[in-house]
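What follows is start.pdb (PDB, C-alpha atoms).
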```pdb
MODEL        1
ATOM      1  CA  MET M  18     -94.610-103.079  63.027
ATOM      2  CA  THR M  19     -96.993-105.974  63.657
ATOM      3  CA  THR M  20     -97.860-108.609  60.991
ATOM      4  CA  THR M  21    -101.200-110.325  61.197
ATOM      5  CA  THR M  22    -101.599-113.774  59.603
ATOM      6  CA  THR M  23    -105.077-114.889  58.760
ATOM      7  CA  PRO M  24    -105.480-118.626  59.113
ATOM      8  CA  THR M  25    -106.743-120.525  56.106
ATOM      9  CA  ALA M  26    -109.474-123.038  56.574
ATOM     10  CA  PRO M  27    -108.785-126.598  55.403
ATOM     11  CA  GLY M  28    -111.822-126.498  53.140
ATOM     12  CA  GLU M  29    -110.612-123.332  51.396
ATOM     13  CA  THR M  30    -107.197-124.878  50.658
ATOM     14  CA  TYR M  31    -108.890-127.938  49.182
ATOM     15  CA  ASP M  32    -111.060-125.764  46.941
ATOM     16  CA  ARG M  33    -108.023-123.883  45.606
ATOM     17  CA  THR M  34    -106.233-127.139  44.774
ATOM     18  CA  VAL M  35    -109.303-128.464  43.004
ATOM     19  CA  ASN M  36    -109.626-125.242  40.993
ATOM     20  CA  THR M  37    -105.955-125.410  39.904
ATOM     21  CA  VAL M  38    -106.259-129.018  38.771
ATOM     22  CA  ALA M  39    -109.471-128.231  36.952
ATOM     23  CA  THR M  40    -107.815-125.292  35.170
ATOM     24  CA  LEU M  41    -104.910-127.487  34.046
ATOM     25  CA  GLN M  42    -107.325-130.130  32.824
ATOM     26  CA  ASP M  43    -109.301-127.554  30.868
ATOM     27  CA  THR M  44    -106.090-126.193  29.326
ATOM     28  CA  LEU M  45    -104.910-129.656  28.281
ATOM     29  CA  VAL M  46    -108.341-130.477  26.869
ATOM     30  CA  ASP M  47    -108.340-127.222  24.876
ATOM     31  CA  MET M  48    -104.852-127.957  23.559
ATOM     32  CA  ALA M  49    -105.840-131.477  22.569
ATOM     33  CA  GLU M  50    -108.970-130.233  20.852
ATOM     34  CA  GLY M  51    -106.982-127.567  19.058
ATOM     35  CA  LEU M  52    -104.407-130.150  17.926
ATOM     36  CA  ILE M  53    -107.129-132.469  16.683
ATOM     37  CA  ALA M  54    -108.784-129.583  14.880
ATOM     38  CA  ALA M  55    -105.441-128.627  13.293
ATOM     39  CA  LEU M  56    -104.581-132.157  12.129
ATOM     40  CA  PRO M  57    -106.336-131.771   8.762
ATOM     41  CA  ASN M  58    -104.438-128.534   8.106
ATOM     42  CA  LEU M  59    -101.156-130.133   9.167
ATOM     43  CA  ALA M  60    -101.825-133.084   6.877
ATOM     44  CA  ILE M  61    -102.617-130.763   3.978
ATOM     45  CA  GLY M  62     -99.455-128.763   4.722
ATOM     46  CA  LEU M  63     -97.346-131.930   4.607
ATOM     47  CA  VAL M  64     -98.978-132.866   1.319
ATOM     48  CA  VAL M  65     -98.122-129.401  -0.028
ATOM     49  CA  LEU M  66     -94.487-129.868   0.990
ATOM     50  CA  PHE M  67     -94.400-133.307  -0.666
ATOM     51  CA  ILE M  68     -95.853-131.875  -3.868
ATOM     52  CA  THR M  69     -93.309-129.046  -3.674
ATOM     53  CA  TRP M  70     -90.484-131.587  -3.457
ATOM     54  CA  ILE M  71     -91.781-133.445  -6.526
ATOM     55  CA  VAL M  72     -92.304-130.232  -8.522
ATOM     56  CA  ALA M  73     -88.835-128.918  -7.613
ATOM     57  CA  LYS M  74     -87.262-132.208  -8.678
ATOM     58  CA  PHE M  75     -88.973-132.275 -12.069
ATOM     59  CA  ALA M  76     -88.448-128.539 -12.623
ATOM     60  CA  ALA M  77     -84.703-128.951 -12.064
ATOM     61  CA  LYS M  78     -84.635-131.767 -14.648
ATOM     62  CA  ILE M  79     -86.542-129.638 -17.154
ATOM     63  CA  ALA M  80     -84.203-126.695 -16.581
ATOM     64  CA  ASP M  81     -81.201-129.002 -16.977
ATOM     65  CA  ARG M  82     -82.529-130.287 -20.300
ATOM     66  CA  LEU M  83     -83.215-126.784 -21.580
ATOM     67  CA  THR M  84     -79.774-125.474 -20.608
ATOM     68  CA  GLY M  85     -78.134-128.661 -21.897
ATOM     69  CA  LYS M  86     -79.020-127.613 -25.438
ATOM     70  CA  THR M  87     -77.105-124.354 -25.057
ATOM     71  CA  ASP M  88     -73.406-123.490 -24.724
ATOM     72  CA  ILE M  89     -73.763-122.363 -21.098
ATOM     73  CA  ARG M  90     -70.858-123.588 -18.979
ATOM     74  CA  PRO M  91     -71.536-126.242 -16.279
ATOM     75  CA  SER M  92     -71.180-123.894 -13.309
ATOM     76  CA  LEU M  93     -73.869-121.578 -14.704
ATOM     77  CA  LYS M  94     -76.156-124.560 -15.368
ATOM     78  CA  ASN M  95     -75.795-125.561 -11.713
ATOM     79  CA  LEU M  96     -76.687-122.009 -10.688
ATOM     80  CA  ILE M  97     -79.862-122.046 -12.807
ATOM     81  CA  ASP M  98     -80.916-125.417 -11.368
ATOM     82  CA  THR M  99     -80.338-124.162  -7.834
ATOM     83  CA  LEU M 100     -82.319-120.954  -8.398
ATOM     84  CA  VAL M 101     -85.241-122.895  -9.900
ATOM     85  CA  LYS M 102     -85.345-125.235  -6.900
ATOM     86  CA  LEU M 103     -85.047-122.333  -4.468
ATOM     87  CA  ALA M 104     -87.914-120.402  -6.069
ATOM     88  CA  ILE M 105     -90.242-123.426  -6.025
ATOM     89  CA  TRP M 106     -89.394-124.262  -2.417
ATOM     90  CA  LEU M 107     -90.055-120.679  -1.304
ATOM     91  CA  VAL M 108     -93.508-120.747  -2.902
ATOM     92  CA  GLY M 109     -94.224-124.199  -1.476
ATOM     93  CA  LEU M 110     -93.150-123.283   2.053
ATOM     94  CA  MET M 111     -95.241-120.121   1.958
ATOM     95  CA  ALA M 112     -98.300-122.079   0.817
ATOM     96  CA  ALA M 113     -97.747-124.715   3.520
ATOM     97  CA  LEU M 114     -97.502-122.060   6.240
ATOM     98  CA  VAL M 115    -100.721-120.395   5.095
ATOM     99  CA  VAL M 116    -102.540-123.764   5.105
ATOM    100  CA  MET M 117    -101.220-124.955   8.483
ATOM    101  CA  MET M 118    -101.694-121.566  10.169
ATOM    102  CA  PRO M 119    -104.977-120.036   8.933
ATOM    103  CA  GLY M 120    -104.189-116.767  10.678
ATOM    104  CA  PHE M 121    -101.211-116.308   8.409
ATOM    105  CA  THR M 122    -101.589-114.545   5.070
ATOM    106  CA  PRO M 123     -99.116-114.249   2.197
ATOM    107  CA  ALA M 124     -98.601-110.599   3.141
ATOM    108  CA  SER M 125     -97.718-111.472   6.739
ATOM    109  CA  VAL M 126     -95.400-114.241   5.558
ATOM    110  CA  ILE M 127     -93.611-111.868   3.205
ATOM    111  CA  ALA M 128     -93.327-109.243   5.965
ATOM    112  CA  GLY M 129     -91.948-111.856   8.338
ATOM    113  CA  LEU M 130     -89.455-112.983   5.715
ATOM    114  CA  GLY M 131     -88.342-109.384   5.251
ATOM    115  CA  ILE M 132     -87.686-108.846   8.967
ATOM    116  CA  GLY M 133     -86.045-112.254   9.247
ATOM    117  CA  ALA M 134     -83.865-111.584   6.218
ATOM    118  CA  VAL M 135     -82.419-108.488   7.855
ATOM    119  CA  ALA M 136     -81.560-110.387  11.035
ATOM    120  CA  ILE M 137     -80.173-113.356   9.127
ATOM    121  CA  GLY M 138     -78.218-111.021   6.861
ATOM    122  CA  PHE M 139     -76.320-109.556   9.809
ATOM    123  CA  ALA M 140     -75.743-112.969  11.373
ATOM    124  CA  PHE M 141     -74.542-114.667   8.188
ATOM    125  CA  GLN M 142     -72.914-111.779   6.379
ATOM    126  CA  ASP M 143     -69.874-113.767   5.239
ATOM    127  CA  ILE M 144     -72.012-116.639   3.949
ATOM    128  CA  PHE M 145     -74.208-114.334   1.877
ATOM    129  CA  GLU M 146     -71.151-112.461   0.638
ATOM    130  CA  ASN M 147     -69.621-115.707  -0.638
ATOM    131  CA  PHE M 148     -72.997-116.724  -2.104
ATOM    132  CA  LEU M 149     -73.329-113.491  -4.086
ATOM    133  CA  ALA M 150     -69.687-113.689  -5.175
ATOM    134  CA  GLY M 151     -70.287-117.255  -6.359
ATOM    135  CA  VAL M 152     -73.245-116.130  -8.466
ATOM    136  CA  LEU M 153     -71.207-113.335 -10.050
ATOM    137  CA  ILE M 154     -68.247-115.673 -10.708
ATOM    138  CA  MET M 155     -70.546-118.117 -12.482
ATOM    139  CA  LEU M 156     -72.048-115.324 -14.586
ATOM    140  CA  ARG M 157     -68.777-113.827 -15.788
ATOM    141  CA  GLU M 158     -67.078-115.213 -18.853
ATOM    142  CA  LYS M 159     -63.558-115.821 -17.561
ATOM    143  CA  MET M 160     -62.264-118.510 -15.181
ATOM    144  CA  ARG M 161     -63.846-121.736 -16.300
ATOM    145  CA  ILE M 162     -63.537-125.175 -14.757
ATOM    146  CA  GLY M 163     -60.189-126.632 -15.831
ATOM    147  CA  ASP M 164     -58.329-123.300 -15.867
ATOM    148  CA  VAL M 165     -55.087-122.966 -13.926
ATOM    149  CA  ILE M 166     -55.255-119.821 -11.791
ATOM    150  CA  GLU M 167     -53.130-117.960  -9.270
ATOM    151  CA  CYS M 168     -54.654-115.844  -6.497
ATOM    152  CA  GLU M 169     -53.177-114.701  -3.175
ATOM    153  CA  GLY M 170     -50.361-117.267  -3.320
ATOM    154  CA  ILE M 171     -52.669-120.149  -4.325
ATOM    155  CA  THR M 172     -51.870-121.736  -7.691
ATOM    156  CA  GLY M 173     -53.851-124.641  -9.057
ATOM    157  CA  LYS M 174     -56.524-126.004 -11.367
ATOM    158  CA  VAL M 175     -60.176-125.035 -10.890
ATOM    159  CA  GLU M 176     -62.098-128.281 -10.349
ATOM    160  CA  HIS M 177     -65.527-127.169  -9.110
ATOM    161  CA  ILE M 178     -67.383-123.916  -8.427
ATOM    162  CA  THR M 179     -70.192-123.873  -5.883
ATOM    163  CA  LEU M 180     -72.315-121.024  -4.562
ATOM    164  CA  ARG M 181     -70.020-120.573  -1.570
ATOM    165  CA  GLU M 182     -66.516-121.806  -2.449
ATOM    166  CA  THR M 183     -64.293-122.882  -5.319
ATOM    167  CA  TYR M 184     -62.273-126.089  -5.333
ATOM    168  CA  VAL M 185     -58.719-125.425  -6.550
ATOM    169  CA  ARG M 186     -56.441-128.444  -7.026
ATOM    170  CA  LYS M 187     -52.865-127.314  -6.319
ATOM    171  CA  LEU M 188     -50.041-128.413  -8.602
ATOM    172  CA  SER M 189     -48.722-130.652  -5.818
ATOM    173  CA  GLY M 190     -52.024-132.548  -5.648
ATOM    174  CA  GLU M 191     -53.780-131.023  -2.626
ATOM    175  CA  VAL M 192     -57.194-129.401  -3.016
ATOM    176  CA  THR M 193     -57.838-125.948  -1.546
ATOM    177  CA  LEU M 194     -61.340-124.684  -0.751
ATOM    178  CA  VAL M 195     -61.188-120.992  -1.634
ATOM    179  CA  PRO M 196     -64.063-118.692  -0.535
ATOM    180  CA  ASN M 197     -65.699-117.103  -3.558
ATOM    181  CA  SER M 198     -65.404-113.622  -2.048
ATOM    182  CA  MET M 199     -61.615-114.014  -2.080
ATOM    183  CA  LEU M 200     -61.606-114.821  -5.808
ATOM    184  CA  PHE M 201     -64.007-111.973  -6.511
ATOM    185  CA  LYS M 202     -62.286-109.225  -4.494
ATOM    186  CA  ASN M 203     -58.643-110.002  -5.348
ATOM    187  CA  PRO M 204     -56.856-110.077  -8.724
ATOM    188  CA  VAL M 205     -56.913-113.555 -10.254
ATOM    189  CA  GLU M 206     -54.275-114.514 -12.818
ATOM    190  CA  ILE M 207     -55.637-117.103 -15.270
ATOM    191  CA  LEU M 208     -52.584-118.888 -16.634
ATOM    192  CA  THR M 209     -54.492-120.976 -19.181
ATOM    193  CA  ASP M 210     -56.805-118.298 -20.563
ATOM    194  CA  GLU M 211     -55.078-118.867 -23.928
ATOM    195  CA  THR M 212     -53.530-122.071 -25.237
ATOM    196  CA  GLN M 213     -50.084-120.437 -25.378
ATOM    197  CA  ARG M 214     -48.179-117.864 -23.360
ATOM    198  CA  ARG M 215     -44.700-116.397 -23.356
ATOM    199  CA  HIS M 216     -41.902-117.755 -21.182
ATOM    200  CA  GLU M 217     -38.454-116.337 -20.498
ATOM    201  CA  ILE M 218     -35.070-117.150 -18.959
ATOM    202  CA  MET M 219     -31.725-115.368 -18.505
ATOM    203  CA  ALA M 220     -28.577-116.644 -20.253
ATOM    204  CA  GLY M 221     -25.132-115.197 -19.454
ATOM    205  CA  VAL M 222     -21.923-115.154 -21.507
ATOM    206  CA  SER M 223     -18.425-113.959 -20.590
ATOM    207  CA  TYR M 224     -17.390-110.354 -21.096
ATOM    208  CA  ASP M 225     -14.854-111.172 -23.825
ATOM    209  CA  THR M 226     -17.551-112.749 -26.026
ATOM    210  CA  ASP M 227     -18.763-111.253 -29.294
ATOM    211  CA  LEU M 228     -22.343-110.453 -28.273
ATOM    212  CA  ASP M 229     -23.669-110.496 -31.852
ATOM    213  CA  GLN M 230     -22.357-114.006 -32.346
ATOM    214  CA  ALA M 231     -23.687-115.110 -28.962
ATOM    215  CA  ALA M 232     -27.154-113.771 -29.792
ATOM    216  CA  LYS M 233     -27.179-115.664 -33.111
ATOM    217  CA  VAL M 234     -26.156-118.904 -31.396
ATOM    218  CA  ILE M 235     -28.809-118.523 -28.707
ATOM    219  CA  ARG M 236     -31.533-117.730 -31.247
ATOM    220  CA  ALA M 237     -30.625-120.687 -33.448
ATOM    221  CA  SER M 238     -30.616-122.983 -30.417
ATOM    222  CA  VAL M 239     -34.094-121.883 -29.325
ATOM    223  CA  GLU M 240     -35.502-122.129 -32.858
ATOM    224  CA  GLY M 241     -34.488-125.789 -32.956
ATOM    225  CA  CYS M 242     -36.638-126.706 -29.928
ATOM    226  CA  GLU M 243     -39.827-128.640 -30.686
ATOM    227  CA  ALA M 244     -41.774-127.133 -27.788
ATOM    228  CA  VAL M 245     -41.173-123.575 -29.031
ATOM    229  CA  ASP M 246     -43.591-121.887 -31.434
ATOM    230  CA  SER M 247     -41.144-120.092 -33.721
ATOM    231  CA  ASP M 248     -43.945-118.509 -35.749
ATOM    232  CA  LYS M 249     -44.799-116.202 -32.836
ATOM    233  CA  GLY M 250     -41.236-114.954 -32.631
ATOM    234  CA  ILE M 251     -38.223-115.477 -30.393
ATOM    235  CA  ASP M 252     -36.664-112.575 -28.509
ATOM    236  CA  VAL M 253     -32.978-112.468 -27.560
ATOM    237  CA  PHE M 254     -32.052-109.208 -25.842
ATOM    238  CA  ALA M 255     -28.751-108.232 -24.232
ATOM    239  CA  ASN M 256     -30.305-107.248 -20.954
ATOM    240  CA  GLU M 257     -27.738-106.319 -18.318
ATOM    241  CA  PHE M 258     -24.130-106.312 -17.170
ATOM    242  CA  GLY M 259     -23.959-108.945 -14.481
ATOM    243  CA  ASP M 260     -21.259-109.514 -11.888
ATOM    244  CA  SER M 261     -19.461-112.078 -14.060
ATOM    245  CA  SER M 262     -21.344-112.081 -17.370
ATOM    246  CA  VAL M 263     -23.368-110.157 -19.881
ATOM    247  CA  ASN M 264     -26.893-111.483 -19.508
ATOM    248  CA  PHE M 265     -29.345-112.100 -22.337
ATOM    249  CA  LYS M 266     -33.098-112.224 -21.795
ATOM    250  CA  VAL M 267     -34.501-115.031 -23.932
ATOM    251  CA  ARG M 268     -38.277-115.129 -24.556
ATOM    252  CA  TRP M 269     -40.370-117.608 -26.529
ATOM    253  CA  TRP M 270     -43.944-118.852 -26.903
ATOM    254  CA  SER M 271     -45.103-122.288 -25.789
ATOM    255  CA  GLY M 272     -48.017-124.044 -24.073
ATOM    256  CA  SER M 273     -49.737-122.176 -21.244
ATOM    257  CA  LYS M 274     -50.054-125.076 -18.809
ATOM    258  CA  PRO M 275     -47.459-125.285 -16.018
ATOM    259  CA  ARG M 276     -46.094-128.584 -17.333
ATOM    260  CA  ASP M 277     -45.755-127.078 -20.813
ATOM    261  CA  MET M 278     -43.708-124.271 -19.255
ATOM    262  CA  TRP M 279     -41.396-126.684 -17.429
ATOM    263  CA  GLU M 280     -40.899-128.927 -20.458
ATOM    264  CA  SER M 281     -40.197-126.062 -22.854
ATOM    265  CA  THR M 282     -37.863-124.351 -20.361
ATOM    266  CA  ASP M 283     -35.937-127.590 -19.880
ATOM    267  CA  GLU M 284     -35.549-128.029 -23.639
ATOM    268  CA  VAL M 285     -34.516-124.404 -24.196
ATOM    269  CA  VAL M 286     -31.891-124.404 -21.407
ATOM    270  CA  ARG M 287     -30.353-127.633 -22.687
ATOM    271  CA  ALA M 288     -30.312-126.329 -26.271
ATOM    272  CA  ILE M 289     -28.680-123.010 -25.320
ATOM    273  CA  LYS M 290     -26.018-124.750 -23.224
ATOM    274  CA  ARG M 291     -25.261-127.168 -26.064
ATOM    275  CA  GLY M 292     -25.154-124.404 -28.672
ATOM    276  CA  LEU M 293     -22.812-122.148 -26.650
ATOM    277  CA  ASP M 294     -20.495-125.066 -25.874
ATOM    278  CA  ASP M 295     -20.301-126.035 -29.560
ATOM    279  CA  ALA M 296     -19.528-122.410 -30.493
ATOM    280  CA  GLY M 297     -16.795-122.177 -27.860
ATOM    281  CA  ILE M 298     -18.603-119.431 -25.975
ATOM    282  CA  GLU M 299     -18.043-119.477 -22.234
ATOM    283  CA  ILE M 300     -20.867-119.464 -19.727
ATOM    284  CA  PRO M 301     -18.816-118.078 -16.828
ATOM    285  CA  PHE M 302     -18.834-119.038 -13.220
ATOM    286  CA  PRO M 303     -18.973-116.125 -10.762
ATOM    287  CA  TYR M 304     -15.638-114.281 -10.852
ATOM    288  CA  ILE M 305     -14.053-112.666  -7.782
ATOM    289  CA  THR M 306     -11.337-110.050  -8.171
ATOM    290  CA  HIS M 307      -9.057-109.385  -5.173
ATOM    291  CA  THR M 308      -7.240-106.019  -4.915
ATOM    292  CA  PHE M 309      -4.264-105.601  -2.559
ATOM    293  CA  LYS M 310      -2.831-102.250  -1.528
ATOM    294  CA  GLU M 311       0.640-103.725  -0.972
ATOM    295  CA  ARG M 312       2.721-105.943  -3.210
ATOM    296  CA  VAL M 313       2.195-109.634  -2.517
ATOM    297  CA  PRO M 314       5.189-111.981  -2.899
ATOM    298  CA  LEU M 315       4.669-114.652  -5.534
ATOM    299  CA  GLY M 316       7.343-117.108  -4.401
ATOM    300  CA  LYS M 317       6.732-120.787  -3.961
ATOM    301  CA  GLU M 318       7.219-120.715  -0.222
ATOM    302  CA  PRO M 319       5.502-118.374   2.248
ATOM    303  CA  GLY M 320       7.575-115.220   2.694
ATOM    304  CA  GLU M 321       9.865-116.017  -0.274
ATOM    305  CA  PRO M 322      10.426-112.946  -2.449
ATOM    306  CA  ASN M 323       9.265-112.950  -6.057
ATOM    307  CA  SER M 324      11.913-114.362  -8.388
ATOM    308  CA  ALA M 325      11.233-111.482 -10.749
ATOM    309  CA  ASP M 326      12.392-108.952  -8.128
TER     310      ASP M 326
ENDMDL
END
```
Output the file's structure as structure tokens, nothing else.
Amino acid sequence: MTTTTTPTAPGETYDRTVNTVATLQDTLVDMAEGLIAALPNLAIGLVVLFITWIVAKFAAKIADRLTGKTDIRPSLKNLIDTLVKLAIWLVGLMAALVVMMPGFTPASVIAGLGIGAVAIGFAFQDIFENFLAGVLIMLREKMRIGDVIECEGITGKVEHITLRETYVRKLSGEVTLVPNSMLFKNPVEILTDETQRRHEIMAGVSYDTDLDQAAKVIRASVEGCEAVDSDKGIDVFANEFGDSSVNFKVRWWSGSKPRDMWESTDEVVRAIKRGLDDAGIEIPFPYITHTFKERVPLGKEPGEPNSAD
């Protein structure tokens, strides 16, 4: 196979170079002219965005004043302010795009937002899940800021609720950022939903104790505690036969906060111990009974036969 190469004249090469440069120059000139022509629209678009920022700022203040006159909790007020700002910014951005890009129409913008929302939804599924969970948490009545909650091994005080996460201050002082979806999907125990809740301990007495007398002593001891609400009742139940004692389940009502629980439990334990000691009722140590199949000598020295034999 033979390849034939046609020589190019020097003048033809020069013409091609000149044409390329001219084309680039024309393109740059067209771009510059288009940019200059678009400057008024860009300026108007920036003005629209600035006005949007001012309107969103004042609208949030108005919404805050209106909700401030109601009994809506703070987290829900923050949600309303955020939604107002978001709605105004969406309208402002759409108007700015239509002004800066005359070919765009509100319908095309909305269609583009719909397609983009689907793509963004798949990419940021967890973020939107936490966002929606945050909205629903703010709308529901329970779990307010200041409540002590327990969820998935996390126990602490709710300090702040955002649209994505909840700040829970643990009882040891650390703060835990909990995703809202976790608090929405899993059971949440609200320890301070009421001002009081019931606490309980186990108290054991020896097997040779009169259980009726022991129950009276325990009840009287608990009734004398300041931290205990006696009006709500005190329960003293003989609950089980333990290894070394008969165990009573003692239940009483006191404050619902963790510190209230610790303080009332401390007072109740001390009172029961004092009452049983004063009544001469034994709180036994663990007993161990050894059984031997053969007789064991009881002499003073090893191997010495029992003197009773």
Take the PyMOL selection byres ((chain M and resi 199-210) around 10), apply it to the structure above, and return the hits as number ranges by chain. M: 147, 149-151, 153-154, 159-161, 163-169, 171-174, 182-183, 195-198, 211-214, 272-275
Written file, previous selection with C-alpha atoms, as a PDB file, in the frame of the given file:
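As written to disk, selection_7.pdb reads:
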```pdb
ATOM      1  CA  ASN M 147     -69.621-115.707  -0.638  1.00  0.00           C
ATOM      2  CA  LEU M 149     -73.329-113.491  -4.086  1.00  0.00           C
ATOM      3  CA  ALA M 150     -69.687-113.689  -5.175  1.00  0.00           C
ATOM      4  CA  GLY M 151     -70.287-117.255  -6.359  1.00  0.00           C
ATOM      5  CA  LEU M 153     -71.207-113.335 -10.050  1.00  0.00           C
ATOM      6  CA  ILE M 154     -68.247-115.673 -10.708  1.00  0.00           C
ATOM      7  CA  LYS M 159     -63.558-115.821 -17.561  1.00  0.00           C
ATOM      8  CA  MET M 160     -62.264-118.510 -15.181  1.00  0.00           C
ATOM      9  CA  ARG M 161     -63.846-121.736 -16.300  1.00  0.00           C
ATOM     10  CA  GLY M 163     -60.189-126.632 -15.831  1.00  0.00           C
ATOM     11  CA  ASP M 164     -58.329-123.300 -15.867  1.00  0.00           C
ATOM     12  CA  VAL M 165     -55.087-122.966 -13.926  1.00  0.00           C
ATOM     13  CA  ILE M 166     -55.255-119.821 -11.791  1.00  0.00           C
ATOM     14  CA  GLU M 167     -53.130-117.960  -9.270  1.00  0.00           C
ATOM     15  CA  CYS M 168     -54.654-115.844  -6.497  1.00  0.00           C
ATOM     16  CA  GLU M 169     -53.177-114.701  -3.175  1.00  0.00           C
ATOM     17  CA  ILE M 171     -52.669-120.149  -4.325  1.00  0.00           C
ATOM     18  CA  THR M 172     -51.870-121.736  -7.691  1.00  0.00           C
ATOM     19  CA  GLY M 173     -53.851-124.641  -9.057  1.00  0.00           C
ATOM     20  CA  LYS M 174     -56.524-126.004 -11.367  1.00  0.00           C
ATOM     21  CA  GLU M 182     -66.516-121.806  -2.449  1.00  0.00           C
ATOM     22  CA  THR M 183     -64.293-122.882  -5.319  1.00  0.00           C
ATOM     23  CA  VAL M 195     -61.188-120.992  -1.634  1.00  0.00           C
ATOM     24  CA  PRO M 196     -64.063-118.692  -0.535  1.00  0.00           C
ATOM     25  CA  ASN M 197     -65.699-117.103  -3.558  1.00  0.00           C
ATOM     26  CA  SER M 198     -65.404-113.622  -2.048  1.00  0.00           C
ATOM     27  CA  GLU M 211     -55.078-118.867 -23.928  1.00  0.00           C
ATOM     28  CA  THR M 212     -53.530-122.071 -25.237  1.00  0.00           C
ATOM     29  CA  GLN M 213     -50.084-120.437 -25.378  1.00  0.00           C
ATOM     30  CA  ARG M 214     -48.179-117.864 -23.360  1.00  0.00           C
ATOM     31  CA  GLY M 272     -48.017-124.044 -24.073  1.00  0.00           C
ATOM     32  CA  SER M 273     -49.737-122.176 -21.244  1.00  0.00           C
ATOM     33  CA  LYS M 274     -50.054-125.076 -18.809  1.00  0.00           C
ATOM     34  CA  PRO M 275     -47.459-125.285 -16.018  1.00  0.00           C
TER      35      PRO M 275
END
```
Selection under test: the PyMOL selection byres ((chain M and resi 295-308) around 8); residues as a ChimeraX atom specification: /M:221-223,226,231,234,260-262,291-294,309-310
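Among the candidates M:Ala113, M:Val263, M:Thr193, M:Gly62, the residue lying nearest to Asp227 of chain M is M:Val263 (atoms considered: all atoms listed in the file).
Rounded to one decimal, atom CA of Leu194 of chain M and atom CA of Val152 of chain M lie 16.6 Å from each other.
Note that atom CA of Gln230 of chain M and atom CA of Lys290 of chain M are 14.6 Å apart.
Pairwise distance (atom CA of Cys242 of chain M, atom CA of Lys187 of chain M) equals 28.7 Å.
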When the PyMOL selection byres ((chain M and resi 106) around 12) is applied to the structure above, which residues does it catch, written out as a list in words? Val65, Leu66, Phe67, Ile68, Thr69, Trp70, Ile71, Val72, Ala73, Lys74, Ala76, Ala77, Thr99, Leu100, Val101, Lys102, Leu103, Ala104, Ile105, Leu107, Val108, Gly109, Leu110, Met111, Ala112 and Ala113 of chain M
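Among the candidate residues M:Leu96, M:Ile61, M:Ala220, M:Met278, the one lying nearest to Val115 of chain M is M:Ile61, with distances computed using only C-alpha atoms.
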Residue contacts of Asp246 of chain M (8 Å, all atoms listed in the file) excluding same-chain residues fewer than 2 positions away, as a ChimeraX atom specification: /M:243-244,248-250,269-271
